[in-house]
Amino acid sequence: MSIFSLSAFGSLAKRAALAAALSAFGAAAALAQAASGEPVTIGVSGPLTGPNAQYGAQWKKGFDLALEEVNAKGGVKGRPLQYVFEDSQADPRQTVAIAQKFVSDPKIVVEVGDFSSTASMAASSIYQRAGLVQFGFTNSHPNFTKGGDYIWSNSVSQADEQPRLAKYAADLGFKHLAVLYLNTDWGRASEKIFGEAAKGYGMDVVASEGYQPDEKDFRSTLVRVRDAKPDAIVLISYYADGALITRQIRSVGLTTPIVASGSIYSPKFIELAGEAGNGVYTESNFFPGDSRPEVQNFVAKFRAKYNEEPDDFNAVAYDTIILLADVMNQYGIDRTAIRDGLAKIKDVPSVIYGKATFDPQTRRVAGARAVYLVVKNGQFTLWDGKKPSAG
Amino acid sequence: MSSFIDYTVNGLVVGNIYALLAVGLALIFGVANLINFAHGSVYTFGAYIGWAAVTFLHTPLPVTMLIVFVACAGLGVVIERVGLRPLQGKARIAPLLATIGLSFVLDQLVQLVFSPDPRAVPSDLPDWRLAVGDGSIGAMDILIAAVGLASAALLYVFLRFTKLGFAVRATAQDREAAQQMGVNVDAVNSAVFAIASALGGLSGLLVGMYYNHIDPAMSFQATLKGVVAQVIGGVGNVPGAIVGSLLLGLTESYGIALLGTTYRNLFAFVLLIAFLLWLPNGLFGGRATIQSEPLVGSFIAPSRPIRLPRWAVAALALAAFALPLATSAPYLLQTLTNAWLAAMLALSLTLIAGTAGQISFGHAGLLAIGGYASALLALDLGAPPILSIPAAGLITAGLGALLVFPAFRLRGHYIAIATLAIGEIVSLVILNWEGLTGGAMGLTGIPPLSFLGQDIFSNRAIYWLCLAIVVSLAALQARFLNSHFGRTLRAVREDEIAARSYGIKLDRYKGLAFAFGGFGAGVSGAIAAHLYSYLNNQTFDSQLSLLALTMVILGGMGNVLGAIVGAVALVGLPELFRVAAEYRILIYGVVLLLLIRFRPQGLLGTV
């Protein structure tokens, strides 16, 4: 059996490895004069195959862009920064093996990922005991950073995000909300916080429906929603499922306004939702039209490199590498120094936060920026403050 | 009342979509007697071909449909010729596995070529809608229904009145007899795969346009719903597949109306189980269907197992125990620990599927029961893991046997589908029973493994613990196989009627097999729970059930040592292929296909 795998796939595997190496080292190689010496390695654990593969692909774009920038400015302490990306399929059985691989590899100074909480939290105790920082940047599960003092996250906390969404709905003048949420740890936690916040603003949630990540059809769910007579539908969704629901809301003839959580913010949402996307209210931590220099710098470079619009996942991935490079430059390039540095570092320029500073107690960042947006003519635009006419 | 009409219409609309999938699956099952797990992948492939045609060539809809139809028919011919024809005459399990391997390969190819990002598939259909009740149906709904009905009608005419159709029906009834009468059976199979795949691809395109959304991960759900629908209609029955699909759509829609969206799939799988229990032939299946189902014995490749001498097995075990003394590389030890956990699962499945012949597609459900049982005992009652793990094993043994008990009278493919549904039901109950399981938020803070109040974190200690459990379970199971119990189980597998006429109580022995197997799987899930410290409904997903089955077949059905070898290989191979990054699952699929092709009885042979 090993004979088959070697003879038939040796060259394929080699080519694949080469391709992976090229993308990882591309930045470092092109700018060798800027940073030189032994490269500094970040270990990434994330999905490159399996049902969440698209998010791993988005991460890579953000990482590569950030590395180019970091290495052009001399890398970390004069050494080039690079990452190795281990495919976990966001499967807890594989993340624990990857964790052991990373903790026992002295070249890895910090770990980034994994995508889902299921996969990340299974590996947390390995990172914690080995004293290697596990930096989860998409892990909003409220218990993620409780894994220990080596577990950090700059993922936007839903405790920040959802009350803001609720306020937006209140500002828009809605009173009765129907909530559709992705039935994962993220969606469920968000839905709870949102519901409480909505009550605080004097609104009531008249229907709340959780749906599975692989759900494609929402017509019957929408009958339930319609019968609850909401004056707005709230989506706690990612961009793909959010777009699916938005289309179906319009195609079954409902004209109820839609308010969606910031996680739908992606050019893909517009593409997938088509016409139906127009009029959707959302808010985002990241908006390319934002005039802050960090945002403009990121957006310009991203467009130049990939010839497409960046989304939320690109932005957090980019932010994470910039942040870690900054920590290493200021506090040193070993595992403990990075942990200590995360607690000390202040006001790192960030696309998502403006300036990011960790709370050393919760090991999270508070105060993500946000703007109110509305989709007009197939584009996300800043909300003009106009309330929708009652519908 | 008007809502009731809306739910009905919506149910029919969704059922309509399932019907397109189910018709293709039914056709293949009818002729090749095979659940085609690659059908969903062909569906995905068709959707992407259509997307490429619309996006790059700006083809109008009829042309796009034609392109997809031809491309997928071609793909069907290739699948049959390359993937399945070489397996003719081999065990019936071989083509089933080959379709699983093919689906890995196809899905990964689609993902590599088209990127994992979801795509929008615009359609140029007019945007008019017809009001029904308070809702409406659109042009796309009508097109899908028309394609579904037209293909069923055309198939009916084709099967009933054409020469090739006669040949197809003859082959479906009795392959050997058809061959003797001069039917070119290979050509018939090829034609059937071409037709079914063309339909599958077309449905991918239409569903993609309907939702304006395609992604490479959509194939598994599509296969699952298609299989459920065609079992309800009566396996292998084309009109049945359509009616079954509509019934499935309606049940889901009414389920949502009654309890809410998160219960949708629960209703779907409970409906399936109900049918398997009371109407296993489905709505339209005649009595003949179940009789043409082969006895389970022929499901498994007969072979002379490779027997390692006792001293060699002992030496291997010793070497495994000594390994942590030679190296402390945590990555290696962790990977092997994962392999031992998988081996417990594979041992359990090889007993149930291999020795007793009850192919189980829902084994991840047993892991989940074990994991949650131990975690809850530790979290809620403060039980130390040394008690909670064996208790979880016992709970899984009891609950596992009890859950599958109603399905004991099913055989062959049917028990496979029933266990698949039971596995999904377990996972959905975990998702929805928030009060007990935490639902999607899961259980956090599960205490680590410990002994006499001392927490165990050492990689070596965990490795030894898991290995010791595997060795004891394996020794016990090997002992069983050579006893009266093992012989009886094999008798049940080979011929249930003969076994019963010798006075064997079938239910009792199947129950014992599930209980013993459930214990091992439960212990494996329980240890995993304490190692990960976090569980939710996705920790043990249905992909894991398929992986477990692959391990067992790789090692050789019923073969104790084979199960362990299979687990080590299938946990180890993807790790070895890590350098290949995005390509690794593709390589894994190809290796699997080659193995089925050249060694269908598994590495060590069936017992």
# chains A, B, ... in the order shown; residues from 1 in each chain; ligands from 1
call {"tool": "residues_around", "arguments": {"residues": "Ala370 of chain A", "least_positions_apart": "2", "cutoff": "7 Å", "atoms": "only C-alpha atoms", "output": "PyMOL selection string"}}
result
chain A and resi 283-286+368+372
call {"tool": "write_last_selection", "arguments": {"atoms": "C-alpha atoms", "output": "PDB file, in the first residue's frame"}}
result
ATOM      1  CA  GLU A 283     -23.248  46.696  11.038  1.00  0.00           C
ATOM      2  CA  SER A 284     -19.636  45.857  10.600  1.00  0.00           C
ATOM      3  CA  ASN A 285     -16.416  46.113  12.543  1.00  0.00           C
ATOM      4  CA  PHE A 286     -14.747  46.596   9.251  1.00  0.00           C
ATOM      5  CA  ALA A 368     -14.411  46.789  18.426  1.00  0.00           C
ATOM      6  CA  TYR A 372     -24.118  51.061  10.735  1.00  0.00           C
TER       7      TYR A 372
END
call {"tool": "residues_around", "arguments": {"residues": "Gly50 of chain B", "least_positions_apart": "2", "cutoff": "6 Å", "atoms": "only C-alpha atoms", "output": "PyMOL selection string"}}
result
chain B and resi 47-48+52-53+64+68+205
call {"tool": "closest_atom_pairs", "arguments": {"of": "chain B", "to": "chain A", "cutoff": "8 Å", "atoms": "only C-alpha atoms", "output": "Markdown table"}}
result
| residue | atom | partner | partner_atom | distance |
| --- | --- | --- | --- | --- |
| B:Ser3 | CA | A:Val223 | CA | 6.9 |
| B:Asp6 | CA | A:Val223 | CA | 7.1 |
| B:Tyr7 | CA | A:Ser220 | CA | 5.8 |
| B:Asn10 | CA | A:Ser220 | CA | 6.0 |
| B:Gly11 | CA | A:Ser220 | CA | 7.5 |
| B:Val14 | CA | A:Asp217 | CA | 7.4 |
| B:Gln108 | CA | A:Thr49 | CA | 7.8 |
| B:Ser115 | CA | A:Gln54 | CA | 7.4 |
| B:Pro116 | CA | A:Gln54 | CA | 4.6 |
| B:Asp117 | CA | A:Gln54 | CA | 5.0 |
| B:Pro118 | CA | A:Ala240 | CA | 7.0 |
| B:Arg119 | CA | A:Leu272 | CA | 6.9 |
| B:Ala120 | CA | A:Leu272 | CA | 5.0 |
| B:Gly135 | CA | A:Val252 | CA | 5.7 |
| B:Ser136 | CA | A:Val252 | CA | 5.9 |
| B:Ile137 | CA | A:Val252 | CA | 7.6 |
| B:Tyr211 | CA | A:Leu244 | CA | 6.5 |
| B:Asn212 | CA | A:Leu272 | CA | 6.3 |
| B:His213 | CA | A:Leu272 | CA | 6.4 |
| B:Pro216 | CA | A:Pro51 | CA | 7.8 |
| B:Ala217 | CA | A:Pro51 | CA | 5.2 |
| B:Met218 | CA | A:Asp214 | CA | 7.6 |
| B:Gln221 | CA | A:Asp214 | CA | 7.4 |
| B:Ser253 | CA | A:Ser220 | CA | 5.6 |
| B:Ile256 | CA | A:Thr221 | CA | 6.5 |
| B:Ala257 | CA | A:Arg224 | CA | 6.6 |
| B:Gly260 | CA | A:Glu209 | CA | 6.5 |
| B:Thr261 | CA | A:Tyr211 | CA | 5.8 |
| B:Thr262 | CA | A:Tyr211 | CA | 5.4 |
| B:Ala329 | CA | A:Ser104 | CA | 7.1 |
| B:Pro330 | CA | A:Gln100 | CA | 5.4 |
| B:Tyr331 | CA | A:Gln100 | CA | 4.5 |
| B:Gln334 | CA | A:Ala97 | CA | 5.7 |
| B:Thr335 | CA | A:Ala97 | CA | 5.6 |
| B:Asn338 | CA | A:Arg93 | CA | 7.0 |
| B:Ala440 | CA | A:Asp185 | CA | 4.8 |
| B:Met441 | CA | A:Asp185 | CA | 4.2 |
| B:Gly442 | CA | A:Asp185 | CA | 7.2 |
| B:Thr444 | CA | A:Asn143 | CA | 7.4 |
| B:Leu531 | CA | A:Ala122 | CA | 7.4 |
| B:Tyr532 | CA | A:Ala122 | CA | 4.0 |
| B:Ser533 | CA | A:Ala122 | CA | 6.2 |
| B:Tyr534 | CA | A:Ala122 | CA | 5.8 |
| B:Leu535 | CA | A:Thr118 | CA | 6.7 |
| B:Asn536 | CA | A:Thr118 | CA | 6.6 |
| B:Gln538 | CA | A:Thr118 | CA | 7.1 |
| B:Thr539 | CA | A:Thr118 | CA | 6.4 |
| B:Phe577 | CA | A:Ala13 | CA | 7.6 |
| B:Arg578 | CA | A:Glu86 | CA | 7.1 |
| B:Val579 | CA | A:Ala17 | CA | 5.3 |
| B:Ala580 | CA | A:Ala13 | CA | 4.9 |
| B:Ala581 | CA | A:Asp87 | CA | 6.2 |
| B:Glu582 | CA | A:Leu48 | CA | 5.7 |
| B:Tyr583 | CA | A:Ala16 | CA | 6.9 |
| B:Ile585 | CA | A:Thr49 | CA | 7.4 |
| B:Ile587 | CA | A:Phe9 | CA | 7.3 |
| B:Val591 | CA | A:Ser5 | CA | 6.7 |
| B:Leu595 | CA | A:Met1 | CA | 7.5 |
call {"tool": "closest_residue", "arguments": {"among": "B:Leu12, B:Leu27, B:Ala342, B:Leu318", "to": "Leu549 of chain B", "atoms": "only C-alpha atoms"}}
result
B:Ala342
call {"tool": "atom_distance", "arguments": {"atom1": "atom CA of Phe540 of chain B", "atom2": "atom CA of Glu575 of chain B"}}
result
19.2 Å
call {"tool": "residues_around", "arguments": {"residues": "Trp128 of chain B", "least_positions_apart": "3", "cutoff": "9 Å", "atoms": "only C-alpha atoms", "output": "list in words"}}
result
Leu125, Ile137, Gly138 and Ala139 of chain B
call {"tool": "closest_residue", "arguments": {"among": "B:Leu367, B:Gln180, B:Phe598, B:Ala191", "to": "Ile395 of chain B", "atoms": "only C-alpha atoms"}}
result
B:Leu367
call {"tool": "residues_around", "arguments": {"residues": "Ala461 of chain B", "least_positions_apart": "4", "cutoff": "12 Å", "atoms": "only C-alpha atoms", "output": "list in words"}}
result
Phe321, Pro324, Leu325, Ser328, Pro330, Leu333, Gln334, Thr337, Leu449, Ser450, Phe451, Asp455, Ile456, Phe457, Leu465, Cys466, Leu467 and Ala468 of chain B
call {"tool": "select_by_dssp", "arguments": {"residues": "segment 190-239 of chain A", "states": "strand (DSSP E)", "output": "number ranges by chain"}}
result
A: 204-211, 232-236
call {"tool": "write_last_selection", "arguments": {"atoms": "N, CA, C and O atoms", "output": "PDB file, in the first residue's frame"}}
result
ATOM      1  N   ASP A 204     -39.437  43.360  21.746  1.00  0.00           N
ATOM      2  CA  ASP A 204     -39.616  41.965  22.128  1.00  0.00           C
ATOM      3  C   ASP A 204     -39.351  41.022  20.946  1.00  0.00           C
ATOM      4  O   ASP A 204     -39.553  41.374  19.792  1.00  0.00           O
ATOM      5  N   VAL A 205     -38.808  39.840  21.306  1.00  0.00           N
ATOM      6  CA  VAL A 205     -38.486  38.835  20.292  1.00  0.00           C
ATOM      7  C   VAL A 205     -39.702  37.925  20.160  1.00  0.00           C
ATOM      8  O   VAL A 205     -40.022  37.168  21.065  1.00  0.00           O
ATOM      9  N   VAL A 206     -40.384  38.016  19.019  1.00  0.00           N
ATOM     10  CA  VAL A 206     -41.636  37.273  18.881  1.00  0.00           C
ATOM     11  C   VAL A 206     -41.426  35.872  18.323  1.00  0.00           C
ATOM     12  O   VAL A 206     -42.303  35.020  18.436  1.00  0.00           O
ATOM     13  N   ALA A 207     -40.274  35.615  17.729  1.00  0.00           N
ATOM     14  CA  ALA A 207     -39.978  34.262  17.251  1.00  0.00           C
ATOM     15  C   ALA A 207     -38.468  34.100  17.225  1.00  0.00           C
ATOM     16  O   ALA A 207     -37.744  35.064  16.972  1.00  0.00           O
ATOM     17  N   SER A 208     -38.011  32.889  17.533  1.00  0.00           N
ATOM     18  CA  SER A 208     -36.576  32.644  17.515  1.00  0.00           C
ATOM     19  C   SER A 208     -36.344  31.240  16.958  1.00  0.00           C
ATOM     20  O   SER A 208     -36.810  30.262  17.535  1.00  0.00           O
ATOM     21  N   GLU A 209     -35.685  31.167  15.825  1.00  0.00           N
ATOM     22  CA  GLU A 209     -35.536  29.884  15.137  1.00  0.00           C
ATOM     23  C   GLU A 209     -34.059  29.586  14.880  1.00  0.00           C
ATOM     24  O   GLU A 209     -33.366  30.373  14.239  1.00  0.00           O
ATOM     25  N   GLY A 210     -33.585  28.435  15.382  1.00  0.00           N
ATOM     26  CA  GLY A 210     -32.204  28.033  15.100  1.00  0.00           C
ATOM     27  C   GLY A 210     -32.193  27.116  13.895  1.00  0.00           C
ATOM     28  O   GLY A 210     -33.082  26.295  13.728  1.00  0.00           O
ATOM     29  N   TYR A 211     -31.192  27.286  13.028  1.00  0.00           N
ATOM     30  CA  TYR A 211     -31.113  26.392  11.877  1.00  0.00           C
ATOM     31  C   TYR A 211     -29.723  25.789  11.781  1.00  0.00           C
ATOM     32  O   TYR A 211     -28.749  26.355  12.258  1.00  0.00           O
ATOM     33  N   ALA A 232     -39.522  43.306  12.024  1.00  0.00           N
ATOM     34  CA  ALA A 232     -38.215  43.134  11.377  1.00  0.00           C
ATOM     35  C   ALA A 232     -37.729  41.711  11.621  1.00  0.00           C
ATOM     36  O   ALA A 232     -38.079  41.097  12.623  1.00  0.00           O
ATOM     37  N   ILE A 233     -36.951  41.191  10.671  1.00  0.00           N
ATOM     38  CA  ILE A 233     -36.339  39.867  10.830  1.00  0.00           C
ATOM     39  C   ILE A 233     -34.861  40.079  11.100  1.00  0.00           C
ATOM     40  O   ILE A 233     -34.188  40.824  10.369  1.00  0.00           O
ATOM     41  N   VAL A 234     -34.351  39.454  12.163  1.00  0.00           N
ATOM     42  CA  VAL A 234     -32.945  39.595  12.518  1.00  0.00           C
ATOM     43  C   VAL A 234     -32.211  38.311  12.145  1.00  0.00           C
ATOM     44  O   VAL A 234     -32.649  37.215  12.516  1.00  0.00           O
ATOM     45  N   LEU A 235     -31.111  38.429  11.397  1.00  0.00           N
ATOM     46  CA  LEU A 235     -30.338  37.255  11.016  1.00  0.00           C
ATOM     47  C   LEU A 235     -29.039  37.223  11.814  1.00  0.00           C
ATOM     48  O   LEU A 235     -28.252  38.168  11.752  1.00  0.00           O
ATOM     49  N   ILE A 236     -28.811  36.127  12.555  1.00  0.00           N
ATOM     50  CA  ILE A 236     -27.508  35.921  13.178  1.00  0.00           C
ATOM     51  C   ILE A 236     -26.864  34.795  12.383  1.00  0.00           C
ATOM     52  O   ILE A 236     -27.067  33.616  12.655  1.00  0.00           O
TER      53      ILE A 236
END
call {"tool": "residues_around", "arguments": {"residues": "Ile42 of chain A", "least_positions_apart": "6", "cutoff": "9 Å", "atoms": "only C-alpha atoms", "output": "short mmCIF file (atom, residue, chain, number, x, y, z; two decimals) with N, CA and C atoms, in the first residue's frame"}}
result
data_model
loop_
_atom_site.label_atom_id
_atom_site.label_comp_id
_atom_site.auth_asym_id
_atom_site.auth_seq_id
_atom_site.Cartn_x
_atom_site.Cartn_y
_atom_site.Cartn_z
N LEU A 81 9.31 36.82 9.08
CA LEU A 81 8.22 36.11 9.75
C LEU A 81 7.54 35.20 8.73
N GLN A 82 7.17 34.00 9.14
CA GLN A 82 6.48 33.09 8.24
C GLN A 82 5.47 32.27 9.05
N TYR A 83 4.62 31.52 8.32
CA TYR A 83 3.73 30.62 9.05
C TYR A 83 3.72 29.25 8.39
N VAL A 84 3.43 28.21 9.17
CA VAL A 84 3.11 26.90 8.58
C VAL A 84 1.62 26.66 8.85
N PHE A 85 0.92 26.25 7.82
CA PHE A 85 -0.53 26.07 7.92
C PHE A 85 -0.81 24.57 7.95
N LYS A 107 10.66 25.54 16.81
CA LYS A 107 10.61 26.67 15.87
C LYS A 107 9.31 27.46 15.99
N ILE A 108 8.23 26.79 16.46
CA ILE A 108 6.93 27.47 16.56
C ILE A 108 6.91 28.32 17.82
N VAL A 109 6.72 29.63 17.65
CA VAL A 109 6.74 30.49 18.83
C VAL A 109 5.34 30.87 19.30
N VAL A 110 4.35 30.75 18.41
CA VAL A 110 2.97 31.05 18.80
C VAL A 110 2.05 30.29 17.86
N GLU A 111 0.86 29.90 18.37
CA GLU A 111 -0.08 29.18 17.52
C GLU A 111 -1.29 30.06 17.25
N VAL A 112 -1.84 29.95 16.04
CA VAL A 112 -3.00 30.73 15.65
C VAL A 112 -4.11 29.78 15.18
N ILE A 321 -1.87 38.79 12.39
CA ILE A 321 -0.44 38.71 12.10
C ILE A 321 0.26 40.03 12.45
#
